[in-house]
$ cat start-v3.csv   # CSV, C-alpha atoms
chain,number,residue,atom,x,y,z
A,1,MET,CA,18.8,-6.6,-1.6
A,2,ILE,CA,18.3,-8.5,1.6
A,3,PRO,CA,21.0,-11.2,1.7
A,4,VAL,CA,20.3,-14.9,2.0
A,5,PRO,CA,20.5,-15.9,5.6
A,6,LYS,CA,22.6,-18.7,7.0
A,7,TYR,CA,21.3,-22.1,6.3
A,8,PRO,CA,19.6,-23.3,9.6
A,9,ALA,CA,20.8,-26.2,11.8
A,10,GLY,CA,18.3,-29.0,12.5
A,11,ARG,CA,16.4,-28.8,15.8
A,12,ASP,CA,14.6,-32.1,15.8
A,13,LEU,CA,11.3,-30.4,15.1
A,14,LEU,CA,10.1,-33.6,13.3
A,15,ARG,CA,11.9,-36.2,15.4
A,16,ASP,CA,10.7,-39.7,14.3
A,17,LYS,CA,7.7,-38.4,12.4
A,18,VAL,CA,7.1,-40.2,9.1
A,19,VAL,CA,6.8,-37.6,6.4
A,20,VAL,CA,5.5,-38.4,2.8
A,21,ILE,CA,6.5,-35.8,0.2
A,22,THR,CA,5.2,-35.8,-3.4
A,23,ALA,CA,7.2,-34.5,-6.4
A,24,ALA,CA,10.4,-34.5,-4.3
A,25,ALA,CA,13.0,-35.6,-6.9
A,26,GLY,CA,13.6,-32.2,-8.6
A,27,THR,CA,15.8,-29.3,-7.8
A,28,GLY,CA,13.1,-27.1,-6.2
A,29,ILE,CA,10.9,-26.9,-3.1
A,30,GLY,CA,10.1,-30.7,-3.0
A,31,SER,CA,13.7,-31.8,-2.7
A,32,ALA,CA,14.5,-28.9,-0.4
A,33,VAL,CA,11.7,-29.8,2.0
A,34,ALA,CA,12.8,-33.5,1.9
A,35,LYS,CA,16.3,-32.4,3.0
A,36,ARG,CA,15.0,-30.1,5.7
A,37,CYS,CA,12.6,-32.7,7.1
A,38,GLN,CA,15.4,-35.2,7.3
A,39,GLU,CA,17.6,-32.7,9.1
A,40,GLU,CA,14.8,-32.2,11.6
A,41,GLY,CA,14.8,-35.8,12.5
A,42,ALA,CA,11.9,-37.1,10.3
A,43,ARG,CA,11.8,-40.5,8.5
A,44,VAL,CA,11.2,-39.3,5.0
A,45,VAL,CA,9.3,-41.0,2.2
A,46,LEU,CA,10.1,-39.5,-1.2
A,47,SER,CA,7.8,-39.9,-4.2
A,48,ASP,CA,8.0,-38.7,-7.8
A,49,ARG,CA,6.8,-39.9,-11.2
A,50,HIS,CA,10.3,-39.7,-12.6
A,51,GLU,CA,11.8,-42.9,-11.3
A,52,ARG,CA,15.5,-42.3,-12.3
A,53,ARG,CA,15.5,-38.8,-10.7
A,54,LEU,CA,13.8,-40.3,-7.7
A,55,ALA,CA,16.5,-42.9,-7.3
A,56,GLU,CA,19.2,-40.3,-7.7
A,57,LYS,CA,17.6,-38.0,-5.1
A,58,ALA,CA,17.2,-40.9,-2.6
A,59,ALA,CA,20.8,-41.9,-3.1
A,60,GLU,CA,21.9,-38.2,-2.6
A,61,LEU,CA,20.0,-37.8,0.7
A,62,GLY,CA,20.6,-41.4,2.0
A,63,GLY,CA,18.4,-43.1,4.6
A,64,VAL,CA,15.1,-42.2,2.9
A,65,THR,CA,12.4,-44.4,1.4
A,66,ALA,CA,11.6,-43.9,-2.3
A,67,ILE,CA,8.3,-44.8,-3.8
A,68,PRO,CA,7.5,-43.9,-7.4
A,69,CYS,CA,4.1,-42.3,-7.8
A,70,ASP,CA,2.2,-40.6,-10.6
A,71,VAL,CA,-0.2,-38.4,-8.5
A,72,THR,CA,-2.7,-38.3,-11.4
A,73,ASP,CA,-3.3,-42.0,-10.9
A,74,GLY,CA,-5.5,-42.9,-7.9
A,75,ALA,CA,-4.2,-46.4,-7.6
A,76,GLN,CA,-0.6,-45.2,-7.5
A,77,VAL,CA,-1.5,-42.6,-4.8
A,78,GLN,CA,-3.0,-45.3,-2.6
A,79,ALA,CA,0.1,-47.5,-3.2
A,80,LEU,CA,2.2,-44.6,-2.1
A,81,ILE,CA,0.4,-44.2,1.3
A,82,ASP,CA,0.2,-48.0,1.7
A,83,GLY,CA,3.9,-48.3,0.9
A,84,ALA,CA,4.9,-45.7,3.4
A,85,VAL,CA,2.9,-47.5,6.1
A,86,ALA,CA,4.4,-50.8,5.1
A,87,HIS,CA,7.9,-49.4,5.5
A,88,HIS,CA,7.4,-47.4,8.7
A,89,GLY,CA,4.2,-48.6,10.3
A,90,ARG,CA,2.4,-45.3,10.1
A,91,ILE,CA,2.5,-41.8,8.5
A,92,ASP,CA,2.4,-38.5,10.4
A,93,VAL,CA,2.8,-35.8,7.8
A,94,LEU,CA,1.9,-35.4,4.1
A,95,ILE,CA,3.5,-32.6,2.1
A,96,ASN,CA,1.8,-32.1,-1.3
A,97,ASN,CA,4.3,-30.5,-3.6
A,98,ALA,CA,3.2,-31.8,-7.0
A,99,GLY,CA,2.2,-29.1,-9.5
A,100,LEU,CA,2.4,-28.3,-13.2
A,101,GLY,CA,2.9,-24.8,-14.7
A,102,GLY,CA,3.0,-23.2,-18.1
A,103,SER,CA,2.3,-19.9,-19.7
A,104,LYS,CA,-0.5,-19.5,-22.2
A,105,SER,CA,-3.2,-16.8,-22.8
A,106,ILE,CA,-6.6,-18.1,-21.9
A,107,VAL,CA,-7.6,-17.1,-25.5
A,108,ASP,CA,-5.2,-19.6,-26.9
A,109,MET,CA,-5.4,-22.3,-24.2
A,110,THR,CA,-6.7,-25.7,-25.2
A,111,ASP,CA,-8.9,-27.9,-23.0
A,112,ASP,CA,-6.0,-30.4,-22.6
A,113,GLU,CA,-3.7,-27.6,-21.4
A,114,TRP,CA,-6.2,-26.4,-18.9
A,115,SER,CA,-7.1,-29.9,-17.7
A,116,SER,CA,-3.5,-31.1,-17.4
A,117,VAL,CA,-2.5,-28.2,-15.1
A,118,LEU,CA,-5.7,-28.6,-13.0
A,119,ASP,CA,-5.2,-32.4,-12.7
A,120,VAL,CA,-1.6,-32.3,-11.6
A,121,THR,CA,-1.9,-29.2,-9.4
A,122,LEU,CA,-5.3,-29.4,-7.8
A,123,ASN,CA,-6.8,-32.8,-8.4
A,124,SER,CA,-3.7,-34.6,-7.3
A,125,THR,CA,-3.6,-32.6,-4.1
A,126,PHE,CA,-7.2,-33.8,-3.4
A,127,ARG,CA,-6.3,-37.4,-4.2
A,128,VAL,CA,-3.2,-37.6,-2.0
A,129,THR,CA,-4.8,-35.6,0.8
A,130,ARG,CA,-7.8,-37.8,0.8
A,131,ALA,CA,-5.7,-41.0,1.0
A,132,ALA,CA,-3.5,-39.6,3.8
A,133,LEU,CA,-6.5,-38.3,5.8
A,134,ARG,CA,-8.2,-41.6,5.7
A,135,ARG,CA,-5.0,-43.2,7.1
A,136,PHE,CA,-4.6,-40.5,9.8
A,137,ILE,CA,-8.2,-41.1,10.9
A,138,GLU,CA,-7.6,-44.8,11.1
A,139,GLN,CA,-4.5,-44.3,13.2
A,140,GLY,CA,-6.5,-42.1,15.5
A,141,ASP,CA,-3.8,-39.8,16.8
A,142,GLY,CA,-3.8,-36.8,14.5
A,143,GLY,CA,-1.6,-35.8,11.6
A,144,ALA,CA,-0.6,-32.9,9.5
A,145,VAL,CA,-1.0,-32.0,5.8
A,146,VAL,CA,1.0,-29.2,4.2
A,147,ASN,CA,0.1,-28.1,0.7
A,148,ASN,CA,2.2,-26.1,-1.7
A,149,ALA,CA,0.0,-23.3,-3.1
A,150,SER,CA,1.2,-20.0,-4.7
A,151,VAL,CA,0.7,-16.3,-4.5
A,152,LEU,CA,-1.0,-16.7,-7.9
A,153,GLY,CA,-3.9,-18.1,-5.9
A,154,TRP,CA,-4.5,-14.5,-4.7
A,155,ARG,CA,-3.3,-12.3,-7.6
A,156,ALA,CA,-3.5,-12.2,-11.4
A,157,GLN,CA,-0.6,-12.7,-13.8
A,158,GLU,CA,-0.7,-12.8,-17.6
A,159,GLY,CA,-0.8,-16.3,-19.1
A,160,GLN,CA,-1.5,-18.0,-15.8
A,161,ALA,CA,-5.3,-18.6,-15.7
A,162,HIS,CA,-5.0,-22.4,-15.4
A,163,TYR,CA,-2.2,-22.4,-12.8
A,164,ALA,CA,-3.7,-19.5,-10.8
A,165,ALA,CA,-7.1,-21.3,-10.8
A,166,ALA,CA,-5.5,-24.5,-9.6
A,167,LYS,CA,-3.6,-22.8,-6.8
A,168,ALA,CA,-6.7,-20.9,-5.7
A,169,GLY,CA,-8.4,-24.3,-5.6
A,170,VAL,CA,-5.6,-25.7,-3.4
A,171,MET,CA,-6.1,-22.8,-1.0
A,172,ALA,CA,-9.9,-23.5,-0.8
A,173,LEU,CA,-9.3,-27.2,-0.5
A,174,THR,CA,-6.9,-26.6,2.4
A,175,ARG,CA,-9.4,-24.5,4.3
A,176,CYS,CA,-12.3,-26.9,3.8
A,177,ALA,CA,-10.3,-30.0,4.5
A,178,ALA,CA,-9.1,-28.5,7.7
A,179,VAL,CA,-12.7,-28.0,8.9
A,180,ASP,CA,-13.6,-31.5,7.9
A,181,VAL,CA,-10.9,-33.3,9.9
A,182,ALA,CA,-10.4,-30.9,12.9
A,183,PRO,CA,-12.5,-33.2,15.1
A,184,HIS,CA,-9.8,-35.9,14.5
A,185,GLY,CA,-7.0,-33.7,15.7
A,186,ILE,CA,-5.6,-33.4,12.1
A,187,ARG,CA,-4.3,-30.1,10.8
A,188,VAL,CA,-4.3,-29.0,7.1
A,189,ASN,CA,-2.3,-25.9,6.1
A,190,ALA,CA,-0.6,-24.5,3.0
A,191,VAL,CA,2.3,-22.2,2.0
A,192,ALA,CA,2.0,-19.7,-0.8
A,193,PRO,CA,5.5,-19.0,-2.3
A,194,SER,CA,6.1,-16.6,-5.2
A,195,LEU,CA,9.6,-17.0,-6.7
A,196,ALA,CA,11.8,-19.7,-5.3
A,197,MET,CA,14.9,-19.9,-7.5
A,198,HIS,CA,16.4,-23.2,-8.5
A,199,PRO,CA,18.2,-24.5,-11.6
A,200,PHE,CA,15.2,-25.9,-13.4
A,201,LEU,CA,13.3,-22.7,-13.1
A,202,ALA,CA,16.2,-20.7,-14.3
A,203,LYS,CA,16.5,-23.0,-17.3
A,204,VAL,CA,12.9,-22.8,-18.4
A,205,THR,CA,12.1,-19.1,-17.6
A,206,SER,CA,13.5,-16.1,-19.4
A,207,GLU,CA,15.8,-13.6,-17.7
A,208,GLU,CA,13.2,-10.9,-18.4
A,209,VAL,CA,10.4,-12.7,-16.5
A,210,LEU,CA,12.7,-13.7,-13.6
A,211,ALA,CA,13.8,-10.0,-13.3
A,212,GLU,CA,10.2,-8.8,-13.3
A,213,LEU,CA,9.1,-11.3,-10.6
A,214,THR,CA,12.2,-10.6,-8.5
A,215,ALA,CA,11.4,-6.8,-8.7
A,216,ARG,CA,8.1,-7.5,-7.1
A,217,GLU,CA,9.7,-8.8,-3.9
A,218,VAL,CA,10.5,-6.2,-1.2
A,219,SER,CA,13.6,-8.3,-0.3
A,220,GLY,CA,15.0,-7.6,-3.8
A,221,ARG,CA,15.7,-11.3,-4.4
A,222,ALA,CA,14.0,-14.6,-5.0
A,223,ALA,CA,13.5,-17.0,-2.1
A,224,GLU,CA,15.8,-20.0,-1.7
A,225,PRO,CA,13.8,-23.2,-1.9
A,226,TRP,CA,14.9,-24.1,1.6
A,227,GLU,CA,13.4,-20.9,2.9
A,228,VAL,CA,10.0,-22.1,1.7
A,229,ALA,CA,10.8,-25.5,3.1
A,230,ASN,CA,11.5,-24.0,6.5
A,231,VAL,CA,7.9,-22.8,6.7
A,232,MET,CA,6.6,-26.2,5.6
A,233,VAL,CA,8.6,-27.8,8.4
A,234,PHE,CA,7.1,-25.4,10.9
A,235,LEU,CA,3.6,-26.2,9.7
A,236,ALA,CA,4.3,-29.9,9.9
A,237,SER,CA,5.7,-29.7,13.4
A,238,ASP,CA,4.1,-29.6,16.8
A,239,TYR,CA,5.0,-25.9,17.0
A,240,ALA,CA,2.0,-25.3,14.7
A,241,SER,CA,-0.3,-27.4,16.9
A,242,TYR,CA,-3.0,-24.7,17.0
A,243,LEU,CA,-2.7,-23.6,13.3
A,244,THR,CA,-5.1,-25.1,10.8
A,245,GLY,CA,-6.9,-24.0,7.6
A,246,GLU,CA,-4.3,-21.3,7.0
A,247,VAL,CA,-2.4,-20.3,3.9
A,248,VAL,CA,1.0,-18.8,4.8
A,249,SER,CA,2.5,-16.4,2.3
A,250,VAL,CA,6.2,-17.0,1.9
A,251,SER,CA,6.5,-13.8,-0.1
A,252,SER,CA,5.7,-10.1,0.1
A,253,GLN,CA,3.1,-10.5,-2.6
A,254,HIS,CA,0.0,-11.5,-0.6
A,255,ALA,CA,-2.9,-10.2,-2.5

$ encode --input "start-v3.csv" --output "structure tokens"
Amino acid sequence: MIPVPKYPAGRDLLRDKVVVITAAAGTGIGSAVAKRCQEEGARVVLSDRHERRLAEKAAELGGVTAIPCDVTDGAQVQALIDGAVAHHGRIDVLINNAGLGGSKSIVDMTDDEWSSVLDVTLNSTFRVTRAALRRFIEQGDGGAVVNNASVLGWRAQEGQAHYAAAKAGVMALTRCAAVDVAPHGIRVNAVAPSLAMHPFLAKVTSEEVLAELTAREVSGRAAEPWEVANVMVFLASDYASYLTGEVVSVSSQHA
């Protein structure tokens, strides 16, 4: 097993950039990228539909703006972007982290189960991206969007038809949006993690499944959420100034 590397020091990669992050109040990638963005000098706007957890995460990080948002509600999405601008005068980066999983054979899957996963995972990425891109274009000086996709957008896994379809959609949305807004100097990219271990995932996933997924990784271990967050920070930063329309695999499981 390849050991977990040392947690990185901040290098001001996002100095003074205003970064909006959806679904950032949990224990996984969203909260990890919020912490990493803050450590890289960003002014961070956290959002989440769970107001209590959002307040707790904001208090834990300190110095961030917290705006509750249900990303399945277009009015709340617009209020999130407007609120970020009201607090900070602008936005520079959007990180779409919201997603909904579950495991169910397509034979037994209901319309509601399919629709819920697609709405939270794909439709919300469209909604928040659209609102942010409109603001970036109005500001007139570029911007960056980073979407959280998944290796399941490339490969098959039992019981994951809804989630895999949604994440494949996020990948396609990323590529097409990048082309649409390239003339405005705006970049749109995505990361595709596989297994990023955190307490909630460990709680809701069986040891057998976790062991199987871990065995697929050449590193012999799951990623730490902050390791995925590091790639998101890079894509959000000016170091990725010529990178757009790409899906970066944070895993050995590409295709």

$ residues_around --input "start-v3.csv" --residues "Tyr239 in chain A" --least-positions-apart "4" --cutoff "12 Å" --atoms "only C-alpha atoms" --output "list in words"
Arg11, Asp12, Leu13, Leu14, Ala144, Arg187, Val231, Met232, Val233, Phe234, Leu235, Leu243 and Thr244 of chain A

$ residues_around --input "start-v3.csv" --residues "Gln253 in chain A" --least-positions-apart "5" --cutoff "10 Å" --atoms "all atoms listed in the file" --output "list of chain:residue names"
A:Ser150, A:Val151, A:Leu152, A:Trp154, A:Arg155, A:Ala192, A:Pro193, A:Ser194, A:Arg216, A:Glu217, A:Val218

$ closest_residue --input "start-v3.csv" --among "A:Tyr7, A:Trp114, A:Tyr242, A:Phe126" --to "Glu227 in chain A" --atoms "only C-alpha atoms"
A:Tyr7

$ residues_around --input "start-v3.csv" --residues "range 158-173 of chain A" --least-positions-apart "4" --cutoff "9 Å" --atoms "all atoms listed in the file" --output "VMD selection string"
chain A and resid 99 to 106 109 113 to 115 117 to 123 125 to 126 147 to 154 177 to 178 189 to 192 245 to 247

$ write_last_selection --input "start-v3.csv" --atoms "C-alpha atoms" --output "PDB file, in the frame of the given file"
ATOM      1  CA  GLY A  99       2.200 -29.100  -9.500  1.00  0.00           C
ATOM      2  CA  LEU A 100       2.400 -28.300 -13.200  1.00  0.00           C
ATOM      3  CA  GLY A 101       2.900 -24.800 -14.700  1.00  0.00           C
ATOM      4  CA  GLY A 102       3.000 -23.200 -18.100  1.00  0.00           C
ATOM      5  CA  SER A 103       2.300 -19.900 -19.700  1.00  0.00           C
ATOM      6  CA  LYS A 104      -0.500 -19.500 -22.200  1.00  0.00           C
ATOM      7  CA  SER A 105      -3.200 -16.800 -22.800  1.00  0.00           C
ATOM      8  CA  ILE A 106      -6.600 -18.100 -21.900  1.00  0.00           C
ATOM      9  CA  MET A 109      -5.400 -22.300 -24.200  1.00  0.00           C
ATOM     10  CA  GLU A 113      -3.700 -27.600 -21.400  1.00  0.00           C
ATOM     11  CA  TRP A 114      -6.200 -26.400 -18.900  1.00  0.00           C
ATOM     12  CA  SER A 115      -7.100 -29.900 -17.700  1.00  0.00           C
ATOM     13  CA  VAL A 117      -2.500 -28.200 -15.100  1.00  0.00           C
ATOM     14  CA  LEU A 118      -5.700 -28.600 -13.000  1.00  0.00           C
ATOM     15  CA  ASP A 119      -5.200 -32.400 -12.700  1.00  0.00           C
ATOM     16  CA  VAL A 120      -1.600 -32.300 -11.600  1.00  0.00           C
ATOM     17  CA  THR A 121      -1.900 -29.200  -9.400  1.00  0.00           C
ATOM     18  CA  LEU A 122      -5.300 -29.400  -7.800  1.00  0.00           C
ATOM     19  CA  ASN A 123      -6.800 -32.800  -8.400  1.00  0.00           C
ATOM     20  CA  THR A 125      -3.600 -32.600  -4.100  1.00  0.00           C
ATOM     21  CA  PHE A 126      -7.200 -33.800  -3.400  1.00  0.00           C
ATOM     22  CA  ASN A 147       0.100 -28.100   0.700  1.00  0.00           C
ATOM     23  CA  ASN A 148       2.200 -26.100  -1.700  1.00  0.00           C
ATOM     24  CA  ALA A 149       0.000 -23.300  -3.100  1.00  0.00           C
ATOM     25  CA  SER A 150       1.200 -20.000  -4.700  1.00  0.00           C
ATOM     26  CA  VAL A 151       0.700 -16.300  -4.500  1.00  0.00           C
ATOM     27  CA  LEU A 152      -1.000 -16.700  -7.900  1.00  0.00           C
ATOM     28  CA  GLY A 153      -3.900 -18.100  -5.900  1.00  0.00           C
ATOM     29  CA  TRP A 154      -4.500 -14.500  -4.700  1.00  0.00           C
ATOM     30  CA  ALA A 177     -10.300 -30.000   4.500  1.00  0.00           C
ATOM     31  CA  ALA A 178      -9.100 -28.500   7.700  1.00  0.00           C
ATOM     32  CA  ASN A 189      -2.300 -25.900   6.100  1.00  0.00           C
ATOM     33  CA  ALA A 190      -0.600 -24.500   3.000  1.00  0.00           C
ATOM     34  CA  VAL A 191       2.300 -22.200   2.000  1.00  0.00           C
ATOM     35  CA  ALA A 192       2.000 -19.700  -0.800  1.00  0.00           C
ATOM     36  CA  GLY A 245      -6.900 -24.000   7.600  1.00  0.00           C
ATOM     37  CA  GLU A 246      -4.300 -21.300   7.000  1.00  0.00           C
ATOM     38  CA  VAL A 247      -2.400 -20.300   3.900  1.00  0.00           C
TER      39      VAL A 247
END

$ closest_residue --input "start-v3.csv" --among "A:Ala215, A:Ala236, A:Ala229, A:Leu46" --to "Gly143 in chain A" --atoms "all atoms listed in the file"
A:Ala236

$ atom_distance --input "start-v3.csv" --atom1 "CA of Ala132 in chain A" --atom2 "CA of Arg15 in chain A"
19.6 Å

$ atom_distance --input "start-v3.csv" --atom1 "CA of Asp238 in chain A" --atom2 "CA of Asp48 in chain A"
26.5 Å

$ atom_distance --input "start-v3.csv" --atom1 "CA of Glu39 in chain A" --atom2 "CA of Ile186 in chain A"
23.4 Å

$ residues_around --input "start-v3.csv" --residues "Arg135 in chain A" --least-positions-apart "5" --cutoff "9 Å" --atoms "all atoms listed in the file" --output "PyMOL selection string"
chain A and resi 81-82+90-91+130+140

$ closest_residue --input "start-v3.csv" --among "A:Val248, A:Leu94, A:Val77, A:Cys69" --to "Val33 in chain A" --atoms "all atoms listed in the file"
A:Leu94

$ residues_around --input "start-v3.csv" --residues "Val181 in chain A" --least-positions-apart "6" --cutoff "10 Å" --atoms "all atoms listed in the file" --output "VMD selection string"
chain A and resid 133 to 134 136 to 137 142 to 143 187 to 188

$ closest_residue --input "start-v3.csv" --among "A:Asp111, A:Leu195, A:Ala86, A:His254" --to "Ala211 in chain A" --atoms "all atoms listed in the file"
A:Leu195

$ closest_residue --input "start-v3.csv" --among "A:Thr27, A:Thr65, A:Ser116, A:Thr22" --to "Ile95 in chain A" --atoms "all atoms listed in the file"
A:Thr22

$ closest_residue --input "start-v3.csv" --among "A:Arg43, A:Arg221, A:His50, A:Lys6" --to "His87 in chain A" --atoms "all atoms listed in the file"
A:Arg43

$ decode --input "start-v3.csv" --residues "range 129-160 of chain A" --atoms "N, CA and C atoms" --output "CSV table (one decimal), in the first residue's frame"
chain,number,residue,atom,x,y,z
A,129,THR,N,-24.1,25.9,-12.2
A,129,THR,CA,-23.1,26.4,-13.2
A,129,THR,C,-23.7,27.5,-14.0
A,130,ARG,N,-24.9,27.3,-14.5
A,130,ARG,CA,-25.6,28.4,-15.3
A,130,ARG,C,-25.6,29.7,-14.5
A,131,ALA,N,-26.0,29.7,-13.3
A,131,ALA,CA,-26.0,30.9,-12.5
A,131,ALA,C,-24.7,31.6,-12.3
A,132,ALA,N,-23.7,30.7,-12.1
A,132,ALA,CA,-22.3,31.3,-11.9
A,132,ALA,C,-21.7,31.8,-13.2
A,133,LEU,N,-22.0,31.1,-14.3
A,133,LEU,CA,-21.4,31.5,-15.6
A,133,LEU,C,-22.1,32.9,-16.0
A,134,ARG,N,-23.3,33.0,-15.7
A,134,ARG,CA,-23.9,34.3,-16.1
A,134,ARG,C,-23.3,35.5,-15.3
A,135,ARG,N,-22.9,35.2,-14.0
A,135,ARG,CA,-22.3,36.2,-13.2
A,135,ARG,C,-20.8,36.4,-13.7
A,136,PHE,N,-20.1,35.4,-14.1
A,136,PHE,CA,-18.8,35.5,-14.6
A,136,PHE,C,-18.8,36.4,-15.9
A,137,ILE,N,-19.7,36.1,-16.8
A,137,ILE,CA,-19.8,36.9,-18.0
A,137,ILE,C,-20.1,38.4,-17.7
A,138,GLU,N,-21.0,38.6,-16.8
A,138,GLU,CA,-21.3,40.0,-16.4
A,138,GLU,C,-20.1,40.7,-15.8
A,139,GLN,N,-19.3,40.0,-15.0
A,139,GLN,CA,-18.1,40.6,-14.4
A,139,GLN,C,-17.1,40.9,-15.5
A,140,GLY,N,-17.0,40.0,-16.5
A,140,GLY,CA,-16.1,40.3,-17.7
A,140,GLY,C,-14.7,40.0,-17.6
A,141,ASP,N,-14.3,39.3,-16.5
A,141,ASP,CA,-12.8,39.0,-16.4
A,141,ASP,C,-12.6,37.5,-16.0
A,142,GLY,N,-13.3,36.6,-16.7
A,142,GLY,CA,-13.1,35.2,-16.6
A,142,GLY,C,-13.7,34.6,-15.4
A,143,GLY,N,-13.2,33.4,-15.0
A,143,GLY,CA,-13.7,32.7,-13.9
A,143,GLY,C,-13.4,31.2,-14.1
A,144,ALA,N,-13.7,30.4,-13.1
A,144,ALA,CA,-13.5,29.0,-13.2
A,144,ALA,C,-14.5,28.2,-12.5
A,145,VAL,N,-15.0,27.1,-13.1
A,145,VAL,CA,-15.9,26.1,-12.6
A,145,VAL,C,-15.2,24.8,-12.4
A,146,VAL,N,-15.3,24.1,-11.3
A,146,VAL,CA,-14.8,22.8,-11.1
A,146,VAL,C,-15.9,21.9,-10.6
A,147,ASN,N,-16.2,20.9,-11.4
A,147,ASN,CA,-17.3,19.9,-11.1
A,147,ASN,C,-16.7,18.6,-10.5
A,148,ASN,N,-17.5,18.1,-9.6
A,148,ASN,CA,-17.2,16.8,-9.0
A,148,ASN,C,-17.9,15.7,-9.8
A,149,ALA,N,-17.2,14.9,-10.6
A,149,ALA,CA,-17.7,13.8,-11.4
A,149,ALA,C,-17.4,12.5,-10.6
A,150,SER,N,-17.1,11.5,-11.3
A,150,SER,CA,-16.8,10.2,-10.7
A,150,SER,C,-16.3,9.2,-11.8
A,151,VAL,N,-15.4,8.3,-11.4
A,151,VAL,CA,-15.0,7.3,-12.3
A,151,VAL,C,-16.2,6.5,-12.9
A,152,LEU,N,-17.3,6.5,-12.1
A,152,LEU,CA,-18.5,5.8,-12.6
A,152,LEU,C,-19.1,6.4,-13.8
A,153,GLY,N,-18.6,7.6,-14.2
A,153,GLY,CA,-19.0,8.2,-15.4
A,153,GLY,C,-18.4,7.5,-16.6
A,154,TRP,N,-17.3,6.7,-16.3
A,154,TRP,CA,-16.6,6.0,-17.4
A,154,TRP,C,-16.9,4.5,-17.3
A,155,ARG,N,-17.0,3.9,-16.1
A,155,ARG,CA,-17.1,2.5,-16.1
A,155,ARG,C,-18.4,2.0,-15.4
A,156,ALA,N,-18.7,0.7,-15.5
A,156,ALA,CA,-19.9,0.2,-15.0
A,156,ALA,C,-19.7,-0.4,-13.6
A,157,GLN,N,-20.8,-0.3,-12.8
A,157,GLN,CA,-20.7,-0.9,-11.5
A,157,GLN,C,-22.2,-1.3,-11.1
A,158,GLU,N,-22.3,-2.5,-10.6
A,158,GLU,CA,-23.6,-3.0,-10.2
A,158,GLU,C,-24.4,-2.1,-9.3
A,159,GLY,N,-25.7,-1.9,-9.7
A,159,GLY,CA,-26.5,-1.1,-8.8
A,159,GLY,C,-26.4,0.4,-8.9
A,160,GLN,N,-25.6,0.9,-9.9
A,160,GLN,CA,-25.2,2.3,-10.0
A,160,GLN,C,-25.7,3.0,-11.3
